[in-house]
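Just protein-v8.txt here, compact mmCIF, C-alpha atoms:
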```
# COMPACT_ATOMS: atom_id res chain seq x y z
CA MET W 1 98.57 192.43 21.70
CA SER W 2 100.09 195.87 21.77
CA THR W 3 100.72 198.10 18.79
CA ASP W 4 104.46 197.79 19.28
CA ARG W 5 105.96 197.12 15.87
CA PRO W 6 108.89 194.72 15.45
CA GLU W 7 112.28 196.34 15.00
CA ARG W 8 114.31 194.95 12.14
CA THR W 9 117.91 194.18 12.95
CA GLY W 10 118.98 194.41 9.29
CA PRO W 11 117.79 194.30 5.69
CA VAL W 12 115.26 191.62 4.78
CA SER W 13 116.19 189.28 1.96
CA ALA W 14 113.94 189.10 -1.09
CA ALA W 15 113.30 185.41 -0.42
CA ARG W 16 112.15 185.97 3.18
CA ARG W 17 109.94 188.86 2.14
CA ARG W 18 108.42 186.84 -0.69
CA ASP W 19 107.68 183.84 1.55
CA VAL W 20 105.89 186.02 4.10
CA ILE W 21 103.90 188.03 1.57
CA ASP W 22 102.91 184.95 -0.46
CA ALA W 23 101.57 183.22 2.66
CA LEU W 24 99.53 186.27 3.71
CA ARG W 25 98.15 186.55 0.18
CA ARG W 26 96.84 182.98 0.56
CA GLY W 27 95.39 183.75 3.97
CA ALA W 28 97.90 181.48 5.72
CA VAL W 29 100.37 181.88 8.57
CA PRO W 30 103.90 182.09 7.12
CA GLU W 31 106.17 179.13 7.83
CA SER W 32 109.13 181.44 8.50
CA GLY W 33 110.05 185.11 8.83
CA LEU W 34 107.60 185.60 11.68
CA ASP W 35 110.01 187.83 13.56
CA LEU W 36 109.25 190.43 10.86
CA LEU W 37 105.58 190.47 11.90
CA ALA W 38 105.64 189.85 15.64
CA THR W 39 103.82 192.61 17.52
CA GLY W 40 103.16 192.65 21.23
CA LEU W 41 105.15 189.47 21.96
CA GLY W 42 108.06 191.22 23.64
CA ARG W 43 106.68 190.56 27.12
CA PHE W 44 106.93 186.80 26.52
CA GLU W 45 110.49 186.79 25.19
CA PRO W 46 112.57 186.79 28.42
CA ALA W 47 110.65 183.89 30.01
CA LEU W 48 110.43 181.81 26.84
CA ASP W 49 114.07 182.36 25.95
CA ALA W 50 115.07 181.29 29.47
CA GLU W 51 113.02 178.10 29.06
CA LEU W 52 114.62 177.34 25.69
CA ASP W 53 118.06 177.93 27.20
CA ALA W 54 117.23 175.53 30.05
CA VAL W 55 116.09 172.85 27.61
CA ALA W 56 119.32 173.33 25.64
CA THR W 57 121.24 172.34 28.79
CA GLY W 58 119.21 169.15 29.36
CA ALA W 59 116.03 170.29 31.08
CA SER W 60 112.52 169.61 29.75
CA VAL W 61 109.61 172.04 29.60
CA PHE W 62 105.86 171.77 29.10
CA LYS W 63 103.85 174.85 28.13
CA ALA W 64 100.17 175.43 27.37
CA VAL W 65 98.98 178.37 25.28
CA ARG W 66 95.37 179.54 25.40
CA GLY W 67 93.59 181.95 23.12
CA GLU W 68 90.35 182.41 21.25
CA TYR W 69 90.16 181.63 17.55
CA GLY W 70 92.03 184.36 15.68
CA SER W 71 94.15 185.39 18.67
CA GLY W 72 97.33 184.20 16.95
CA LYS W 73 98.06 180.82 18.53
CA THR W 74 99.52 179.33 15.34
CA PHE W 75 101.53 182.50 14.74
CA PHE W 76 102.81 182.39 18.33
CA THR W 77 103.93 178.76 18.13
CA ARG W 78 105.70 179.22 14.79
CA TRP W 79 107.35 182.40 16.05
CA LEU W 80 108.63 180.50 19.09
CA GLY W 81 109.67 177.63 16.83
CA GLU W 82 111.79 180.05 14.81
CA ARG W 83 113.49 181.23 17.99
CA ALA W 84 114.15 177.58 18.86
CA LYS W 85 115.66 176.89 15.43
CA ARG W 86 118.01 179.84 15.86
CA ARG W 87 119.28 178.00 18.94
CA ASN W 88 119.80 174.90 16.77
CA PHE W 89 116.71 173.04 17.96
CA ALA W 90 114.83 170.61 15.77
CA VAL W 91 111.15 171.55 15.44
CA ALA W 92 107.92 169.66 14.74
CA GLU W 93 104.38 171.06 14.53
CA ILE W 94 101.59 168.48 14.84
CA GLN W 95 97.89 169.09 14.17
CA VAL W 96 95.80 167.03 16.56
CA SER W 97 92.72 165.50 14.94
CA GLU W 98 90.40 162.60 15.66
CA THR W 99 91.02 160.85 12.34
CA GLU W 100 94.61 161.71 11.40
CA THR W 101 96.39 162.23 14.74
CA PRO W 102 94.33 161.03 17.72
CA LEU W 103 96.11 162.13 20.86
CA HIS W 104 95.39 158.90 22.72
CA LYS W 105 97.42 156.95 20.16
CA LEU W 106 100.90 158.19 20.97
CA GLU W 107 102.45 156.00 18.29
CA THR W 108 100.56 158.11 15.73
CA VAL W 109 101.68 161.33 17.44
CA TYR W 110 105.30 160.11 17.25
CA ARG W 111 104.86 159.24 13.57
CA ARG W 112 103.51 162.71 12.78
CA LEU W 113 106.40 164.19 14.78
CA THR W 114 109.00 162.46 12.60
CA GLU W 115 107.08 163.37 9.43
CA ARG W 116 107.04 167.04 10.43
CA LEU W 117 110.55 167.12 11.92
CA SER W 118 112.62 170.00 10.55
CA THR W 119 115.89 171.71 11.37
CA SER W 120 117.50 174.95 10.29
CA GLY W 121 119.20 173.02 7.49
CA PHE W 122 116.56 170.46 6.46
CA PRO W 123 112.80 170.70 5.81
CA PRO W 124 110.40 167.96 6.89
CA SER W 125 111.08 165.13 7.19
CA ALA W 126 114.57 165.67 8.58
CA LEU W 127 114.72 162.33 10.39
CA ARG W 128 117.13 160.62 8.02
CA PRO W 129 119.55 163.58 7.75
CA VAL W 130 119.58 163.78 11.55
CA VAL W 131 120.36 160.07 11.91
CA ASP W 132 123.06 160.27 9.22
CA ALA W 133 124.60 163.26 11.03
CA TRP W 134 124.55 161.23 14.25
CA PHE W 135 126.52 158.36 12.72
CA TYR W 136 128.96 160.86 11.26
CA ALA W 137 129.40 162.39 14.74
CA LEU W 138 130.06 158.91 16.20
CA GLU W 139 132.74 158.32 13.58
CA GLU W 140 134.35 161.68 14.28
CA ASP W 141 134.32 161.04 18.03
CA SER W 142 135.84 157.60 17.52
CA LEU W 143 138.61 158.96 15.30
CA ALA W 144 139.27 161.77 17.75
CA ALA W 145 139.72 159.14 20.47
CA GLY W 146 142.54 157.56 18.44
CA THR W 147 140.67 154.75 16.69
CA ALA W 148 142.41 153.41 13.61
CA GLU W 149 140.53 153.50 10.31
CA GLU W 150 140.34 149.70 10.08
CA ASP W 151 138.78 149.51 13.56
CA LEU W 152 136.29 152.33 12.98
CA ALA W 153 133.20 150.17 12.39
CA GLU W 154 133.64 148.29 15.66
CA ALA W 155 134.40 151.48 17.58
CA VAL W 156 131.28 153.18 16.25
CA GLU W 157 129.22 150.14 17.27
CA GLN W 158 130.59 150.30 20.82
CA LEU W 159 130.09 154.06 21.07
CA MET W 160 126.54 153.76 19.75
CA ALA W 161 125.72 151.12 22.37
CA ALA W 162 127.11 153.36 25.10
CA ARG W 163 125.15 156.43 23.92
CA LEU W 164 121.90 154.43 23.74
CA THR W 165 122.25 152.60 27.04
CA ASP W 166 119.37 154.41 28.72
CA VAL W 167 117.19 154.20 25.63
CA SER W 168 117.82 150.47 25.23
CA ARG W 169 116.33 149.83 28.65
CA HIS W 170 112.99 151.27 27.53
CA ALA W 171 113.06 150.77 23.74
CA PRO W 172 115.70 148.21 22.78
CA SER W 173 114.21 147.93 19.29
CA PHE W 174 115.14 151.59 18.60
CA ALA W 175 118.84 150.86 19.06
CA THR W 176 118.50 147.59 17.14
CA ALA W 177 116.91 149.38 14.20
CA LEU W 178 119.70 151.97 14.14
CA ARG W 179 122.24 149.17 13.87
CA GLY W 180 120.17 147.58 11.10
CA TYR W 181 120.03 150.88 9.24
CA ARG W 182 123.80 151.33 9.42
CA THR W 183 124.40 147.74 8.30
CA ALA W 184 122.13 148.21 5.29
CA LEU W 185 123.90 151.45 4.38
CA THR W 186 127.41 150.01 4.60
CA SER W 187 126.35 147.03 2.46
CA GLY W 188 124.80 149.32 -0.16
CA ASP W 189 121.25 148.05 0.39
CA GLU W 190 119.35 151.35 -0.01
CA VAL W 191 115.92 149.67 -0.17
CA THR W 192 116.37 148.05 3.24
CA ALA W 193 117.95 151.20 4.70
CA SER W 194 114.98 153.32 3.61
CA ALA W 195 112.50 150.78 4.98
CA VAL W 196 114.28 150.60 8.34
CA MET W 197 114.35 154.40 8.52
CA ALA W 198 110.58 154.43 7.91
CA TRP W 199 110.16 151.93 10.75
CA LEU W 200 112.28 154.15 13.02
CA GLY W 201 109.90 156.98 12.12
CA GLY W 202 106.95 154.94 13.38
CA GLN W 203 105.56 154.15 9.93
CA PRO W 204 103.34 151.03 9.84
CA HIS W 205 103.35 148.30 7.22
CA VAL W 206 107.11 148.23 6.69
CA ALA W 207 108.14 145.19 4.64
CA ALA W 208 108.73 142.10 6.79
CA SER W 209 111.99 141.38 4.96
CA ALA W 210 113.40 144.76 5.99
CA ARG W 211 112.33 144.25 9.60
CA ARG W 212 113.94 140.82 9.67
CA ALA W 213 117.16 142.23 8.22
CA ALA W 214 117.24 144.89 10.95
CA GLY W 215 116.36 142.41 13.69
CA VAL W 216 113.08 144.07 14.71
CA ARG W 217 109.50 142.86 14.56
CA GLY W 218 105.99 144.31 14.59
CA ASP W 219 104.97 147.97 14.50
CA LEU W 220 105.44 150.73 17.05
CA ASP W 221 102.74 150.78 19.74
CA HIS W 222 101.45 153.34 22.24
CA PHE W 223 103.92 152.38 24.98
CA GLY W 224 106.91 152.06 22.68
CA ALA W 225 106.39 155.65 21.48
CA PHE W 226 107.85 157.07 24.69
CA GLY W 227 111.01 155.02 24.26
CA PHE W 228 111.35 156.04 20.62
CA LEU W 229 111.00 159.69 21.61
CA GLN W 230 113.83 159.20 24.11
CA GLY W 231 115.92 157.66 21.36
CA LEU W 232 115.22 160.51 18.99
CA LEU W 233 116.23 163.06 21.63
CA THR W 234 119.50 161.20 22.18
CA VAL W 235 120.24 161.15 18.45
CA LEU W 236 119.41 164.85 18.14
CA ARG W 237 121.66 165.82 21.03
CA ASP W 238 124.61 163.75 19.84
CA SER W 239 124.27 165.06 16.28
CA GLY W 240 124.71 168.63 17.49
CA HIS W 241 121.15 169.81 18.11
CA LYS W 242 120.36 171.56 21.38
CA GLY W 243 116.89 170.10 21.76
CA LEU W 244 113.50 169.36 20.22
CA PHE W 245 110.61 171.82 20.14
CA VAL W 246 107.25 170.09 19.59
CA VAL W 247 103.86 171.75 19.14
CA LEU W 248 100.57 169.90 19.57
CA ASP W 249 98.24 172.35 17.86
CA GLU W 250 94.43 172.58 18.09
CA VAL W 251 94.14 170.26 21.08
CA GLU W 252 90.66 171.73 21.63
CA THR W 253 89.39 169.38 18.92
CA LEU W 254 89.29 166.75 21.68
CA GLN W 255 86.04 168.35 22.85
CA ARG W 256 84.29 167.10 19.71
CA VAL W 257 85.31 163.44 19.75
CA ARG W 258 83.45 160.53 21.34
CA SER W 259 83.54 160.56 25.12
CA ASP W 260 85.60 157.36 25.40
CA ALA W 261 88.22 158.65 22.95
CA ARG W 262 88.20 162.04 24.67
CA ASP W 263 88.88 160.49 28.07
CA LYS W 264 91.74 158.41 26.68
CA ALA W 265 93.23 161.46 24.99
CA LEU W 266 93.03 163.62 28.10
CA ASN W 267 94.68 160.89 30.13
CA ALA W 268 97.39 160.51 27.48
CA LEU W 269 98.03 164.26 27.74
CA ARG W 270 98.24 164.02 31.52
CA GLN W 271 100.67 161.11 31.20
CA LEU W 272 102.79 163.02 28.69
CA ILE W 273 102.99 166.06 30.97
CA ASP W 274 104.04 163.88 33.90
CA GLU W 275 106.77 162.23 31.82
CA VAL W 276 108.09 165.65 30.75
CA HIS W 277 108.13 166.91 34.33
CA SER W 278 109.78 163.71 35.57
CA GLY W 279 112.84 164.42 33.45
CA ARG W 280 112.40 161.42 31.16
CA PHE W 281 112.82 163.59 28.06
CA PRO W 282 115.86 165.85 28.53
CA GLY W 283 116.03 168.34 25.69
CA LEU W 284 112.28 168.42 24.96
CA TYR W 285 110.14 171.56 24.88
CA LEU W 286 106.51 170.47 24.48
CA LEU W 287 103.84 173.08 23.80
CA ILE W 288 100.09 172.64 23.32
CA THR W 289 97.51 175.17 22.14
CA GLY W 290 93.82 175.39 22.91
CA THR W 291 90.89 177.71 23.40
CA PRO W 292 89.75 178.95 26.84
CA ALA W 293 86.74 176.64 26.49
CA PHE W 294 89.09 173.66 26.26
CA TYR W 295 90.93 174.60 29.44
CA GLU W 296 87.86 175.68 31.41
CA GLY W 297 84.96 173.64 30.01
CA GLN W 298 83.62 170.33 31.22
CA GLN W 299 84.25 168.71 27.83
CA GLY W 300 87.93 169.58 28.03
CA VAL W 301 90.63 169.71 30.68
CA GLN W 302 88.18 170.00 33.58
CA ARG W 303 86.83 166.56 32.71
CA LEU W 304 90.01 165.01 34.17
CA ALA W 305 90.81 166.46 37.60
CA PRO W 306 94.53 165.47 37.66
CA LEU W 307 95.05 167.18 34.30
CA ALA W 308 93.16 170.30 35.43
CA GLN W 309 95.41 170.50 38.50
CA ARG W 310 98.55 170.34 36.37
CA LEU W 311 97.37 173.13 34.07
CA ALA W 312 95.74 175.36 36.68
CA THR W 313 96.79 179.01 36.25
CA ASP W 314 95.30 182.19 37.71
CA PHE W 315 93.87 184.45 35.00
CA THR W 316 91.65 186.57 37.26
CA THR W 317 94.10 189.48 37.35
CA ASP W 318 94.62 192.16 34.74
CA PRO W 319 96.22 190.54 31.63
CA ARG W 320 99.07 193.03 31.97
CA PHE W 321 100.23 191.06 35.01
CA ASP W 322 100.02 187.57 33.49
CA ASN W 323 103.01 185.45 34.40
CA PRO W 324 104.86 184.30 31.22
CA ARG W 325 106.69 181.72 33.34
CA ALA W 326 103.45 179.94 34.31
CA VAL W 327 102.59 176.54 32.86
CA GLN W 328 99.76 178.19 30.94
CA VAL W 329 99.90 181.54 29.16
CA ARG W 330 97.13 183.40 27.38
CA LEU W 331 97.13 185.44 24.21
CA PRO W 332 94.82 188.43 24.61
CA GLY W 333 94.12 188.66 20.89
CA PHE W 334 93.94 191.65 18.59
CA THR W 335 92.39 195.05 19.19
CA GLN W 336 91.60 197.60 16.51
CA ASP W 337 94.85 199.44 17.28
CA SER W 338 97.03 196.33 17.14
CA LEU W 339 95.38 195.22 13.91
CA VAL W 340 96.20 198.59 12.34
CA GLY W 341 99.77 198.38 13.65
CA LEU W 342 100.18 194.96 12.05
CA GLY W 343 98.77 196.27 8.78
CA MET W 344 101.30 199.10 8.76
CA THR W 345 104.11 196.60 9.35
CA ILE W 346 102.95 194.49 6.40
CA ARG W 347 102.58 197.56 4.20
CA ASP W 348 106.16 198.66 4.93
CA LEU W 349 107.54 195.15 4.40
CA TYR W 350 105.71 194.93 1.08
CA ALA W 351 106.84 198.40 -0.04
CA ASP W 352 110.49 197.57 0.54
CA GLY W 353 110.33 194.99 -2.23
CA VAL W 354 108.53 196.90 -5.03
CA ARG W 355 109.61 199.27 -7.81
CA ASP W 356 107.97 202.36 -6.31
CA PRO W 357 107.89 202.01 -2.52
CA GLU W 358 106.95 205.64 -1.98
CA ARG W 359 103.77 205.27 -4.05
CA VAL W 360 102.72 202.21 -2.02
CA ARG W 361 103.25 204.05 1.26
CA THR W 362 101.46 207.16 0.01
CA VAL W 363 98.40 205.49 -1.54
CA VAL W 364 98.05 202.87 1.21
CA ASP W 365 98.71 205.28 4.07
CA ASP W 366 98.06 204.71 7.76
CA ALA W 367 94.58 206.22 7.53
CA TYR W 368 93.54 203.85 4.75
CA ILE W 369 94.87 200.84 6.66
CA ALA W 370 92.78 201.92 9.66
CA ASP W 371 89.69 202.26 7.44
CA LEU W 372 90.24 198.79 5.95
CA ALA W 373 90.69 197.27 9.41
CA VAL W 374 87.39 198.81 10.52
CA ALA W 375 85.66 197.53 7.38
CA VAL W 376 86.92 193.96 7.76
CA GLY W 377 86.04 193.95 11.46
CA GLY W 378 82.57 195.24 10.60
CA ALA W 379 82.09 192.47 8.03
CA LEU W 380 82.80 189.99 10.83
CA GLY W 381 80.23 191.41 13.18
CA GLY W 382 82.69 193.76 14.85
CA ARG W 383 84.76 190.86 16.21
CA VAL W 384 88.23 192.25 15.62
CA GLY W 385 89.79 189.26 17.35
CA VAL W 386 88.95 186.94 14.45
CA ALA W 387 89.78 189.49 11.72
CA PRO W 388 93.61 189.35 11.29
CA ARG W 389 93.79 186.54 8.71
CA LEU W 390 91.12 187.98 6.44
CA PHE W 391 92.35 191.56 6.94
CA LEU W 392 95.90 190.71 5.88
CA LYS W 393 94.67 188.61 2.96
CA LYS W 394 92.61 191.56 1.67
CA LEU W 395 95.38 194.08 2.35
CA VAL W 396 97.99 192.14 0.38
CA GLY W 397 95.95 190.48 -2.39
CA ASP W 398 93.26 193.08 -3.06
CA VAL W 399 95.03 196.35 -2.25
CA LEU W 400 98.84 196.25 -2.17
CA ASP W 401 99.19 193.99 -5.21
CA ARG W 402 96.96 196.27 -7.28
CA VAL W 403 98.67 199.46 -6.15
CA ASP W 404 102.02 197.93 -7.13
CA GLN W 405 100.86 196.70 -10.56
CA PHE W 406 98.53 199.47 -11.73
CA GLY W 407 99.80 203.04 -11.65
CA ASP W 408 96.32 204.58 -11.62
CA PHE W 409 94.77 202.28 -9.01
CA ASP W 410 93.49 204.08 -5.92
CA PRO W 411 91.81 201.78 -3.38
CA ARG W 412 89.67 204.64 -2.08
CA GLN W 413 88.12 205.04 -5.52
CA HIS W 414 88.45 201.66 -7.20
CA TYR W 415 88.08 199.11 -4.41
CA ALA W 416 85.09 198.16 -2.30
CA LEU W 417 85.60 195.47 0.32
CA THR W 418 83.74 192.25 -0.42
CA VAL W 419 83.87 189.26 1.90
CA LYS W 420 82.42 186.03 0.52
CA ALA W 421 81.46 183.07 2.65
CA ALA W 422 83.62 180.77 0.52
CA GLU W 423 86.83 182.58 1.56
CA MET W 424 86.04 182.60 5.27
CA SER W 425 86.85 179.99 7.86
CA GLU W 426 84.10 178.48 9.97
CA VAL W 427 84.87 180.84 12.84
CA GLU W 428 84.83 183.86 10.52
CA ARG W 429 81.49 182.78 9.00
CA ASN W 430 79.98 182.44 12.44
CA ALA W 431 81.28 185.89 13.40
CA ALA W 432 79.70 187.34 10.27
CA ALA W 433 76.37 185.58 10.84
CA GLY W 434 73.45 187.98 10.90
CA SER W 435 71.37 185.80 13.21
CA PRO W 436 71.81 182.79 15.51
CA ASP W 437 70.19 180.61 12.84
CA GLU W 438 73.16 181.25 10.54
CA VAL W 439 75.76 180.00 13.02
CA GLU W 440 77.28 176.68 12.00
CA LEU W 441 77.21 174.05 14.73
CA ASP W 442 79.49 171.01 14.77
CA LEU W 443 77.21 168.42 16.30
CA PRO W 444 77.90 164.70 16.73
```
Just dump the structure as structure tokens.
Amino acid sequence: MSTDRPERTGPVSAARRRDVIDALRRGAVPESGLDLLATGLGRFEPALDAELDAVATGASVFKAVRGEYGSGKTFFTRWLGERAKRRNFAVAEIQVSETETPLHKLETVYRRLTERLSTSGFPPSALRPVVDAWFYALEEDSLAAGTAEEDLAEAVEQLMAARLTDVSRHAPSFATALRGYRTALTSGDEVTASAVMAWLGGQPHVAASARRAAGVRGDLDHFGAFGFLQGLLTVLRDSGHKGLFVVLDEVETLQRVRSDARDKALNALRQLIDEVHSGRFPGLYLLITGTPAFYEGQQGVQRLAPLAQRLATDFTTDPRFDNPRAVQVRLPGFTQDSLVGLGMTIRDLYADGVRDPERVRTVVDDAYIADLAVAVGGALGGRVGVAPRLFLKKLVGDVLDRVDQFGDFDPRQHYALTVKAAEMSEVERNAAAGSPDEVELDLP
């Protein structure tokens, strides 16, 4: 990433600043406000914005992001998710894992999607507000077409059937459950309405009485998940949303699962990509993240030739000439200069919200930020690429907070960097290892 610093288009609210700073203090990627921190992402913006605009008009896009640990994959996906929300997309970020969200069980992936679904107006899970907004839109459309108030219920039913015609061919139970949800609501049966909404979200073990009332049976399965996703996209579009942006994060964890589960998961990913490219999911932007080892290694994508063909991208040229429009894009990671540039951005953002901003900028000047970046990188064996999280955590929690609170605190005199194993991630501990014997291995 370059040292280009993001340009602010206006003043930053205290709430946005606080959310960003609090997350960095915890060593986490902020959930929002990432445009305030984005450095070196400008070269991706035209291509990604064009893809989001295409999805907003009914296209579907699949994208793969590759980068080493610490290169900013999570930051990148949340930054892009923010851009999608500004276009009135719904957004869902899903962590792939063998136990919680196995990729080869698409019904579980769909369930996590609805649990993590958010919009610009509603936090996760936004499924019920989206469905309620959809029914409201159907009522408004019916009234606009001249329907009398006493005929509204029947008109909404007819309009709903028309809007879900395509979905009903593949997942008739989705449309049936929507009718059951509306019936429960109009009759004042909140318990049944909530249970049916849970079933629509792919939740298992919904009470049999609620399923009978809605006219559905059983739980969502692997094959039904595709139909439910189609239904969700239809509801989102008709309730005013331009599309759905979905992230499958940490897909490289597939390399560590049993070979049979890995093969099923890779094939499920290949099937999902094909369905996206076939146009089955208009309004869907699907993005996955993984390490280079996942895309290039024999325990990852290369294990399934059809999947490798779909993701094949030329990265033999200078990274400056990478094609942001390609199916796969790479994040080059941080250099010492870009890490310092990010630190300066955080310092200025922090200073804008304190009592004495000039003192913060003077005591924590550019030279000190550069020294701290070198020190943190040195504590991690010189691997700057894995240093950003820990560097920003130390900068905010150990330095900036103290400068703000204590008038006589000078980090050059009163602070010595300490990095304990307990505060490091596995990747950071391995980078800091003094010998190969200290490297942690995740073995089956």
Separation of CA of Arg389 (chain W) from CA of Gly27 (chain W), in Å and rounded to one decimal: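 It comes out at 5.7 Å.
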Pairwise distance for CA of Leu164 (chain W) and CA of Leu232 (chain W), rounded to one decimal in Å: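 One can read the CA of Leu164 (chain W) to CA of Leu232 (chain W) distance as 10.2 Å.
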Neighbour residues at most 7 Å from (115.6, 170.6, 28.1) (only C-alpha atoms) as a list in words: Ala54, Val55, Ala56, Thr57, Gly58, Ala59, Ser60, Val61, Gly243, Pro282, Gly283, Leu284 and Tyr285 of chain W
Pick from W:Ala422, W:Pro357, W:Gly343, W:Asp238, whichever lies nearest to Lys393 (chain W) using all atoms listed in the file: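 The closest residue to Lys393 (chain W) is W:Gly343.
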Close residues, region 325-329 of chain W itself excluded, 6 Å, all atoms listed in the file, min 2 positions apart in chain, as a PyMOL selection string: chain W and resi 47+63-65+323
Radius query 8 Å about (102.8, 188.7, 7.9), atoms used: only C-alpha atoms, as a list in words: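 Returned residue set, sorted by chain then number, is Val20, Ile21, Ala23, Leu24, Val29, Pro30, Leu34, Leu36, Leu37, Leu342, Ile346 and Leu392 of chain W.
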May I have the centre and edge lengths, in Å to one decimal, of an axis-aligned box around the listed atoms of region 290-298 of chain W with 8 Å added to every side, as lines of an AutoDock Vina configuration file?
```
center_x = 88.7
center_y = 174.6
center_z = 27.2
size_x = 26.2
size_y = 24.6
size_z = 24.5
```
Spatial neighbours of Gly70 (chain W), 8 Å, all atoms listed in the file, chain gap at least 2 places, as an MDAnalysis selection string: chainID W and resid 67:68 72:73 333 385:389
Separation of CA of Leu185 (chain W) from CA of Arg128 (chain W) in Å: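 Rounded to one decimal, the two atoms are 12.0 Å apart.
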Nearest-residue call for Arg163 (chain W), choices W:Gln336, W:Thr114, W:Gln299, W:Thr234, using only C-alpha atoms: W:Thr234
Ala155 (chain W) environment, 10 Å, all atoms listed in the file, sequence neighbours closer than 5 positions dropped, as a list in words: Leu138, Glu139, Asp141, Ser142, Leu143, Ala145, Thr147, Ala148, Glu149, Glu150, Met160 and Ala161 of chain W
Incomplete region 259-270 of chain W brought to N, CA and C atoms, written out as an mmCIF file, in the frame of the given file:
```cif
data_model
loop_
_atom_site.group_PDB
_atom_site.id
_atom_site.type_symbol
_atom_site.label_atom_id
_atom_site.label_comp_id
_atom_site.auth_asym_id
_atom_site.auth_seq_id
_atom_site.Cartn_x
_atom_site.Cartn_y
_atom_site.Cartn_z
ATOM 1 N N SER W 259 83.134 160.397 23.721
ATOM 2 C CA SER W 259 83.540 160.560 25.120
ATOM 3 C C SER W 259 84.628 159.571 25.516
ATOM 4 N N ASP W 260 84.566 158.329 25.027
ATOM 5 C CA ASP W 260 85.600 157.360 25.400
ATOM 6 C C ASP W 260 86.955 157.752 24.822
ATOM 7 N N ALA W 261 86.968 158.209 23.560
ATOM 8 C CA ALA W 261 88.220 158.650 22.950
ATOM 9 C C ALA W 261 88.737 159.917 23.614
ATOM 10 N N ARG W 262 87.812 160.801 24.001
ATOM 11 C CA ARG W 262 88.200 162.040 24.670
ATOM 12 C C ARG W 262 88.875 161.727 26.003
ATOM 13 N N ASP W 263 88.298 160.830 26.770
ATOM 14 C CA ASP W 263 88.880 160.490 28.070
ATOM 15 C C ASP W 263 90.266 159.874 27.922
ATOM 16 N N LYS W 264 90.424 159.013 26.923
ATOM 17 C CA LYS W 264 91.740 158.410 26.680
ATOM 18 C C LYS W 264 92.753 159.477 26.276
ATOM 19 N N ALA W 265 92.317 160.416 25.448
ATOM 20 C CA ALA W 265 93.230 161.460 24.990
ATOM 21 C C ALA W 265 93.646 162.377 26.127
ATOM 22 N N LEU W 266 92.705 162.766 26.966
ATOM 23 C CA LEU W 266 93.030 163.620 28.100
ATOM 24 C C LEU W 266 93.989 162.926 29.054
ATOM 25 N N ASN W 267 93.782 161.631 29.255
ATOM 26 C CA ASN W 267 94.680 160.890 30.130
ATOM 27 C C ASN W 267 96.058 160.750 29.497
ATOM 28 N N ALA W 268 96.099 160.575 28.171
ATOM 29 C CA ALA W 268 97.390 160.510 27.480
ATOM 30 C C ALA W 268 98.139 161.827 27.621
ATOM 31 N N LEU W 269 97.409 162.952 27.553
ATOM 32 C CA LEU W 269 98.030 164.260 27.740
ATOM 33 C C LEU W 269 98.567 164.403 29.151
ATOM 34 N N ARG W 270 97.781 163.962 30.126
ATOM 35 C CA ARG W 270 98.240 164.020 31.520
ATOM 36 C C ARG W 270 99.497 163.171 31.704
#
```
